[in-house]
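**Student:** Contents of structure.pdb (PDB, C-alpha atoms, pLDDT in the B column):
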ATOM      1  CA  MET A  23      10.779 -43.822   5.116  1.00 87.00           C
ATOM      2  CA  GLU A  24      11.207 -46.485   2.452  1.00 93.00           C
ATOM      3  CA  PRO A  25      13.366 -46.121  -0.659  1.00 95.00           C
ATOM      4  CA  ILE A  26      11.384 -45.568  -3.874  1.00 96.00           C
ATOM      5  CA  PHE A  27      12.203 -45.646  -7.573  1.00 97.00           C
ATOM      6  CA  VAL A  28      12.105 -42.180  -9.143  1.00 97.00           C
ATOM      7  CA  ARG A  29      12.556 -40.936 -12.682  1.00 97.00           C
ATOM      8  CA  HIS A  30      13.573 -37.452 -13.813  1.00 96.00           C
ATOM      9  CA  THR A  31      10.480 -35.964 -15.415  1.00 93.00           C
ATOM     10  CA  PHE A  32      11.404 -32.504 -16.687  1.00 94.00           C
ATOM     11  CA  ALA A  33      13.663 -31.316 -19.454  1.00 97.00           C
ATOM     12  CA  PRO A  34      17.071 -29.729 -19.156  1.00 98.00           C
ATOM     13  CA  ILE A  35      17.274 -25.970 -19.581  1.00 98.00           C
ATOM     14  CA  PHE A  36      19.783 -24.814 -22.194  1.00 98.00           C
ATOM     15  CA  SER A  37      20.173 -22.958 -25.464  1.00 98.00           C
ATOM     16  CA  TYR A  38      22.773 -22.695 -28.213  1.00 97.00           C
ATOM     17  CA  ASP A  39      24.461 -19.823 -26.360  1.00 96.00           C
ATOM     18  CA  SER A  40      24.681 -21.450 -22.913  1.00 98.00           C
ATOM     19  CA  ARG A  41      28.208 -20.882 -21.617  1.00 97.00           C
ATOM     20  CA  LEU A  42      28.168 -23.146 -18.552  1.00 98.00           C
ATOM     21  CA  LEU A  43      26.237 -26.129 -17.234  1.00 98.00           C
ATOM     22  CA  ILE A  44      25.191 -26.647 -13.615  1.00 98.00           C
ATOM     23  CA  LEU A  45      24.298 -30.208 -12.635  1.00 98.00           C
ATOM     24  CA  GLY A  46      22.425 -31.399  -9.564  1.00 98.00           C
ATOM     25  CA  THR A  47      21.771 -35.034  -8.689  1.00 97.00           C
ATOM     26  CA  ILE A  48      18.046 -35.757  -9.149  1.00 97.00           C
ATOM     27  CA  PRO A  49      15.023 -33.617  -8.237  1.00 96.00           C
ATOM     28  CA  SER A  50      14.029 -33.651  -4.564  1.00 95.00           C
ATOM     29  CA  VAL A  51      10.571 -34.619  -3.323  1.00 94.00           C
ATOM     30  CA  LYS A  52       9.515 -30.930  -3.405  1.00 95.00           C
ATOM     31  CA  SER A  53      11.006 -30.413  -6.868  1.00 96.00           C
ATOM     32  CA  ARG A  54       9.153 -33.465  -8.167  1.00 95.00           C
ATOM     33  CA  GLU A  55       5.938 -32.073  -6.654  1.00 95.00           C
ATOM     34  CA  CYS A  56       6.566 -28.711  -8.392  1.00 94.00           C
ATOM     35  CA  ASP A  57       7.797 -30.450 -11.544  1.00 95.00           C
ATOM     36  CA  PHE A  58      10.745 -28.052 -11.686  1.00 97.00           C
ATOM     37  CA  TYR A  59      14.281 -27.588 -10.447  1.00 98.00           C
ATOM     38  CA  TYR A  60      15.060 -26.602  -6.841  1.00 97.00           C
ATOM     39  CA  GLY A  61      11.463 -26.475  -5.658  1.00 95.00           C
ATOM     40  CA  HIS A  62      12.144 -26.680  -1.920  1.00 93.00           C
ATOM     41  CA  PRO A  63      11.484 -23.209  -0.495  1.00 92.00           C
ATOM     42  CA  GLN A  64      14.604 -23.429   1.681  1.00 94.00           C
ATOM     43  CA  ASN A  65      16.941 -24.388  -1.156  1.00 96.00           C
ATOM     44  CA  ARG A  66      19.133 -21.357  -1.875  1.00 97.00           C
ATOM     45  CA  PHE A  67      19.693 -22.076  -5.587  1.00 98.00           C
ATOM     46  CA  TRP A  68      17.337 -19.436  -7.037  1.00 98.00           C
ATOM     47  CA  LYS A  69      18.365 -16.769  -4.517  1.00 97.00           C
ATOM     48  CA  LEU A  70      21.993 -17.484  -5.311  1.00 97.00           C
ATOM     49  CA  ILE A  71      21.581 -17.408  -9.096  1.00 97.00           C
ATOM     50  CA  ALA A  72      19.572 -14.175  -8.862  1.00 97.00           C
ATOM     51  CA  TRP A  73      22.313 -12.612  -6.719  1.00 96.00           C
ATOM     52  CA  LEU A  74      25.057 -13.767  -9.110  1.00 96.00           C
ATOM     53  CA  CYS A  75      23.109 -12.337 -12.051  1.00 96.00           C
ATOM     54  CA  ASP A  76      22.159  -9.119 -10.228  1.00 96.00           C
ATOM     55  CA  ALA A  77      18.509  -9.885 -10.895  1.00 97.00           C
ATOM     56  CA  PRO A  78      15.299 -10.166  -8.869  1.00 97.00           C
ATOM     57  CA  ILE A  79      14.637 -13.581  -7.346  1.00 97.00           C
ATOM     58  CA  PRO A  80      12.458 -15.465  -9.825  1.00 98.00           C
ATOM     59  CA  THR A  81       9.281 -17.101  -8.571  1.00 96.00           C
ATOM     60  CA  THR A  82       7.625 -18.785 -11.548  1.00 97.00           C
ATOM     61  CA  GLN A  83       9.015 -21.534 -13.757  1.00 97.00           C
ATOM     62  CA  GLU A  84       9.021 -19.107 -16.679  1.00 98.00           C
ATOM     63  CA  GLU A  85      10.955 -16.458 -14.713  1.00 98.00           C
ATOM     64  CA  LYS A  86      13.478 -19.066 -13.546  1.00 98.00           C
ATOM     65  CA  THR A  87      13.962 -20.445 -17.046  1.00 98.00           C
ATOM     66  CA  GLN A  88      14.350 -16.976 -18.558  1.00 98.00           C
ATOM     67  CA  LEU A  89      16.863 -15.937 -15.876  1.00 98.00           C
ATOM     68  CA  LEU A  90      19.053 -18.924 -16.718  1.00 98.00           C
ATOM     69  CA  LEU A  91      18.788 -18.488 -20.469  1.00 98.00           C
ATOM     70  CA  ARG A  92      19.331 -14.712 -20.327  1.00 98.00           C
ATOM     71  CA  HIS A  93      22.578 -15.325 -18.446  1.00 98.00           C
ATOM     72  CA  HIS A  94      23.686 -18.252 -20.640  1.00 98.00           C
ATOM     73  CA  ILE A  95      23.354 -20.889 -17.909  1.00 98.00           C
ATOM     74  CA  ALA A  96      22.330 -24.476 -18.698  1.00 98.00           C
ATOM     75  CA  LEU A  97      20.768 -26.572 -15.919  1.00 98.00           C
ATOM     76  CA  TYR A  98      20.191 -30.286 -15.562  1.00 98.00           C
ATOM     77  CA  ASP A  99      20.856 -33.240 -13.276  1.00 98.00           C
ATOM     78  CA  VAL A 100      23.164 -36.255 -13.417  1.00 98.00           C
ATOM     79  CA  VAL A 101      20.574 -38.940 -12.654  1.00 98.00           C
ATOM     80  CA  GLU A 102      17.789 -40.011 -15.028  1.00 98.00           C
ATOM     81  CA  SER A 103      16.414 -42.574 -12.574  1.00 98.00           C
ATOM     82  CA  CYS A 104      17.389 -44.199  -9.292  1.00 98.00           C
ATOM     83  CA  THR A 105      16.213 -45.588  -6.001  1.00 98.00           C
ATOM     84  CA  ILE A 106      16.207 -42.917  -3.301  1.00 97.00           C
ATOM     85  CA  THR A 107      14.914 -42.406   0.225  1.00 96.00           C
ATOM     86  CA  GLY A 108      13.104 -39.065   0.461  1.00 93.00           C
ATOM     87  CA  SER A 109      15.434 -36.407  -0.935  1.00 93.00           C
ATOM     88  CA  SER A 110      18.628 -37.827   0.557  1.00 93.00           C
ATOM     89  CA  ASP A 111      21.428 -37.777  -2.016  1.00 93.00           C
ATOM     90  CA  SER A 112      23.424 -40.156   0.166  1.00 93.00           C
ATOM     91  CA  SER A 113      20.714 -42.803  -0.307  1.00 96.00           C
ATOM     92  CA  ILE A 114      20.850 -42.777  -4.129  1.00 97.00           C
ATOM     93  CA  ARG A 115      21.233 -46.309  -5.554  1.00 97.00           C
ATOM     94  CA  ASP A 116      20.617 -48.137  -8.846  1.00 97.00           C
ATOM     95  CA  VAL A 117      21.553 -45.108 -10.948  1.00 98.00           C
ATOM     96  CA  THR A 118      20.727 -44.665 -14.592  1.00 98.00           C
ATOM     97  CA  PRO A 119      22.526 -41.490 -15.717  1.00 98.00           C
ATOM     98  CA  VAL A 120      21.111 -38.845 -18.034  1.00 98.00           C
ATOM     99  CA  SER A 121      22.551 -38.248 -21.469  1.00 98.00           C
ATOM    100  CA  LEU A 122      24.274 -34.894 -21.791  1.00 98.00           C
ATOM    101  CA  ALA A 123      24.616 -35.377 -25.550  1.00 97.00           C
ATOM    102  CA  PRO A 124      21.673 -33.113 -26.501  1.00 97.00           C
ATOM    103  CA  ILE A 125      23.086 -30.272 -24.392  1.00 98.00           C
ATOM    104  CA  LEU A 126      26.708 -30.656 -25.459  1.00 98.00           C
ATOM    105  CA  GLN A 127      25.818 -31.127 -29.136  1.00 97.00           C
ATOM    106  CA  THR A 128      23.989 -27.798 -28.946  1.00 97.00           C
ATOM    107  CA  THR A 129      26.398 -25.829 -26.742  1.00 97.00           C
ATOM    108  CA  GLY A 130      29.749 -27.435 -27.467  1.00 94.00           C
ATOM    109  CA  ASN A 131      32.036 -28.467 -24.625  1.00 95.00           C
ATOM    110  CA  ILE A 132      31.122 -25.860 -22.040  1.00 97.00           C
ATOM    111  CA  PRO A 133      32.404 -25.830 -18.440  1.00 97.00           C
ATOM    112  CA  ILE A 134      30.431 -28.077 -16.085  1.00 98.00           C
ATOM    113  CA  PHE A 135      29.769 -27.381 -12.407  1.00 98.00           C
ATOM    114  CA  ALA A 136      28.290 -29.693  -9.766  1.00 98.00           C
ATOM    115  CA  ASN A 137      25.827 -28.379  -7.204  1.00 98.00           C
ATOM    116  CA  GLY A 138      27.302 -30.422  -4.356  1.00 97.00           C
ATOM    117  CA  GLY A 139      29.599 -33.362  -3.777  1.00 97.00           C
ATOM    118  CA  THR A 140      27.190 -36.140  -4.699  1.00 97.00           C
ATOM    119  CA  ALA A 141      26.484 -34.565  -8.094  1.00 98.00           C
ATOM    120  CA  GLN A 142      30.242 -34.366  -8.657  1.00 98.00           C
ATOM    121  CA  LYS A 143      30.848 -37.998  -7.647  1.00 98.00           C
ATOM    122  CA  LEU A 144      27.989 -39.321  -9.766  1.00 98.00           C
ATOM    123  CA  TYR A 145      29.120 -37.255 -12.767  1.00 98.00           C
ATOM    124  CA  GLN A 146      32.677 -38.580 -12.407  1.00 98.00           C
ATOM    125  CA  LYS A 147      31.445 -42.163 -12.231  1.00 98.00           C
ATOM    126  CA  TYR A 148      28.760 -42.146 -14.915  1.00 98.00           C
ATOM    127  CA  LEU A 149      29.202 -39.189 -17.272  1.00 98.00           C
ATOM    128  CA  PHE A 150      32.851 -38.113 -17.351  1.00 98.00           C
ATOM    129  CA  PRO A 151      33.900 -41.283 -19.230  1.00 97.00           C
ATOM    130  CA  THR A 152      31.700 -40.194 -22.155  1.00 96.00           C
ATOM    131  CA  THR A 153      32.087 -36.396 -21.979  1.00 97.00           C
ATOM    132  CA  ASN A 154      35.756 -36.108 -20.973  1.00 97.00           C
ATOM    133  CA  ILE A 155      34.869 -32.665 -19.589  1.00 98.00           C
ATOM    134  CA  PRO A 156      36.131 -32.036 -16.058  1.00 98.00           C
ATOM    135  CA  ILE A 157      33.601 -30.922 -13.469  1.00 98.00           C
ATOM    136  CA  THR A 158      34.074 -28.291 -10.768  1.00 98.00           C
ATOM    137  CA  LYS A 159      32.392 -28.989  -7.436  1.00 98.00           C
ATOM    138  CA  LEU A 160      30.444 -26.125  -5.882  1.00 98.00           C
ATOM    139  CA  PRO A 161      29.039 -26.238  -2.351  1.00 98.00           C
ATOM    140  CA  SER A 162      25.467 -27.508  -2.358  1.00 97.00           C
ATOM    141  CA  THR A 163      22.595 -25.027  -2.165  1.00 97.00           C
ATOM    142  CA  SER A 164      20.476 -27.648  -0.360  1.00 95.00           C
ATOM    143  CA  PRO A 165      19.023 -26.748   3.034  1.00 90.00           C
ATOM    144  CA  ALA A 166      20.755 -29.916   4.278  1.00 90.00           C
ATOM    145  CA  ASN A 167      24.071 -28.095   3.750  1.00 93.00           C
ATOM    146  CA  ALA A 168      23.548 -25.933   6.831  1.00 89.00           C
ATOM    147  CA  ALA A 169      27.296 -25.381   7.322  1.00 93.00           C
ATOM    148  CA  TRP A 170      27.191 -23.020   4.333  1.00 96.00           C
ATOM    149  CA  ASN A 171      25.095 -19.896   4.819  1.00 95.00           C
ATOM    150  CA  LEU A 172      23.981 -17.849   1.817  1.00 95.00           C
ATOM    151  CA  GLU A 173      26.910 -15.434   2.088  1.00 95.00           C
ATOM    152  CA  ARG A 174      29.486 -18.266   1.997  1.00 96.00           C
ATOM    153  CA  LEU A 175      27.684 -19.849  -0.944  1.00 97.00           C
ATOM    154  CA  GLN A 176      27.681 -16.518  -2.784  1.00 96.00           C
ATOM    155  CA  GLU A 177      31.420 -16.104  -2.332  1.00 97.00           C
ATOM    156  CA  ALA A 178      32.277 -19.674  -3.375  1.00 97.00           C
ATOM    157  CA  TRP A 179      29.982 -19.704  -6.400  1.00 97.00           C
ATOM    158  CA  LYS A 180      31.132 -16.234  -7.508  1.00 97.00           C
ATOM    159  CA  ASP A 181      34.779 -17.317  -7.276  1.00 96.00           C
ATOM    160  CA  ALA A 182      34.101 -20.424  -9.363  1.00 96.00           C
ATOM    161  CA  LEU A 183      31.690 -19.065 -11.955  1.00 94.00           C
ATOM    162  CA  GLY A 184      33.004 -15.540 -12.396  1.00 85.00           C
ATOM    163  CA  PRO A 185      30.723 -12.831 -13.764  1.00 80.00           C
ATOM    164  CA  LEU A 186      27.394 -13.983 -15.162  1.00 84.00           C
TER     165      LEU A 186
END
Re-express the file's structure as structure tokens.

**Tutor:**
Amino acid sequence: MEPIFVRHTFAPIFSYDSRLLILGTIPSVKSRECDFYYGHPQNRFWKLIAWLCDAPIPTTQEEKTQLLLRHHIALYDVVESCTITGSSDSSIRDVTPVSLAPILQTTGNIPIFANGGTAQKLYQKYLFPTTNIPITKLPSTSPANAAWNLERLQEAWKDALGPL
């Protein structure tokens, strides 16, 4: 598989009353096909958020968006564009970061969480110098993170995020 240039094509999810921001890296191949966050059927993100919020697992983009907004969760990614091979975060090169200004101007300086180590590293390198908001790394919900089953993810995310 050859590296390709990709650009983030969908908007962040947030509102004036968002109380925390979760950042991924850049949408995967499946997410780009769906034109929405965490589109791979084996990614545990939506199951995990539903569990944390004590809500049914959302299936449509509208249900997913409303679940986040109802529970005051903002969602976006660190990378606006890059070169990437498939969906491999470790292959990300030539990064242009997103601007978090529209989110933070609306929400204020809310806590920021990274969905995985690469999101944390990229945030530290490209965005922390302008936001000065520390980021907390959460274990990735990606199916590539097979060492973490859903139950371990639930415990770690619940410990970090508290009640939603």

**Student:** Name the residues, using the chain letters and numbers of the file, that sit within 12 Å of (12.8, -19.4, -20.0) when counting all atoms listed in the file, and give them as an MDAnalysis selection string.

**Tutor:** chainID A and resid 33:37 80 82:97

**Student:** Find the smallest box with edges along x, y and z containing every listed atom of region 79-92 of chain A, then add 8 Å on each side and report centre and edge lengths in Å to one decimal, as JSON.

**Tutor:**
{"center_x": 13.5, "center_y": -17.6, "center_z": -13.9, "size_x": 27.7, "size_y": 24.0, "size_z": 29.1}

**Student:** On this file, the PyMOL selection byres ((chain A and resi 32) around 9) gives some set of residues; write that set as a list in words.

**Tutor:**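 Evaluating the PyMOL selection byres ((chain A and resi 32) around 9) on this file yields His30, Thr31, Ala33, Pro34, Arg54, Asp57, Phe58 and Tyr59 of chain A.
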
**Student:** Have a look at A:Ile71, A:Ala178, A:Leu122, A:Ala141 and name the one nearest to Asn154 (chain A); count all atoms listed in the file.

**Tutor:** A:Leu122

**Student:** Which is closest to Val51 (chain A) among A:Thr81, A:Gln146, A:Ser103, A:Ser109, if we use only C-alpha atoms?

**Tutor:**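 For Val51 (chain A), the nearest of the given residues is A:Ser109.
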
**Student:** Report, in Å with one decimal, the straight-line distance from CA of Gln127 (chain A) to CA of Pro49 (chain A).

**Tutor:**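 So the two atoms, CA of Gln127 (chain A) and CA of Pro49 (chain A), lie 23.7 Å apart.
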
**Student:** Using all atoms listed in the file, find all polymer residues with an atom at most 12 Å away from the point (30.0, -38.5, -1.5); report them as JSON, numbers by chain.

**Tutor:** {"A": [47, 110, 111, 112, 113, 114, 138, 139, 140, 141, 142, 143, 144, 145, 146, 147, 159, 162]}

**Student:** Please evaluate the PyMOL selection byres ((chain A and resi 128) around 10) against the displayed coordinates and give the resulting residues as a ChimeraX atom specification.

**Tutor:** /A:36-40,123-127,129-131

**Student:** Would you output that residue set with C-alpha atoms, as a short mmCIF file (atom, residue, chain, number, x, y, z; two decimals), in the frame of the given file?

**Tutor:**
data_model
loop_
_atom_site.label_atom_id
_atom_site.label_comp_id
_atom_site.auth_asym_id
_atom_site.auth_seq_id
_atom_site.Cartn_x
_atom_site.Cartn_y
_atom_site.Cartn_z
CA PHE A 36 19.78 -24.81 -22.19
CA SER A 37 20.17 -22.96 -25.46
CA TYR A 38 22.77 -22.70 -28.21
CA ASP A 39 24.46 -19.82 -26.36
CA SER A 40 24.68 -21.45 -22.91
CA ALA A 123 24.62 -35.38 -25.55
CA PRO A 124 21.67 -33.11 -26.50
CA ILE A 125 23.09 -30.27 -24.39
CA LEU A 126 26.71 -30.66 -25.46
CA GLN A 127 25.82 -31.13 -29.14
CA THR A 129 26.40 -25.83 -26.74
CA GLY A 130 29.75 -27.44 -27.47
CA ASN A 131 32.04 -28.47 -24.62
#

**Student:** CA of Pro25 (chain A) and CA of Ala136 (chain A) are how many Å apart?

**Tutor:** 24.0 Å

**Student:** Run the PyMOL selection byres ((chain A and resi 185) around 12) mentally over the shown coordinates, then write out the matched residues as a ChimeraX atom specification, using the chain letters and numbers from the document.

**Tutor:** /A:41-42,71,73-76,93-95,176-177,179-184,186

**Student:** So what do you get for CA of Ala72 (chain A) versus CA of Leu172 (chain A), distance-wise?

**Tutor:**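 CA of Leu172 (chain A) lies 12.1 Å from CA of Ala72 (chain A).
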
**Student:** Using all atoms listed in the file, which of the listed residues (A:Cys104, A:Tyr98, A:Leu70, A:Asn65) sits closest to Phe27 (chain A)?

**Tutor:**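 Checking each candidate against Phe27 (chain A), we get A:Cys104 as the closest.
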
**Student:** Which one is closest to Leu45 (chain A): A:Asn137, A:Thr158, A:Asn167, A:Thr153? Count all atoms listed in the file.

**Tutor:**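 Closest candidate: A:Asn137.
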
**Student:** Considering all atoms listed in the file, state which residue in the set A:His62, A:Ile134, A:Asp99, A:Thr107 is at the smallest distance from Pro165 (chain A).

**Tutor:**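 Residue with the minimum atom-to-atom distance to Pro165 (chain A): A:His62.
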
**Student:** With only C-alpha atoms as the atoms that count, which of A:Thr105, A:Ile44, A:Thr163, A:Met23 lies nearest to Tyr60 (chain A)?

**Tutor:**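 Smallest separation from Tyr60 (chain A) among the options: A:Thr163.
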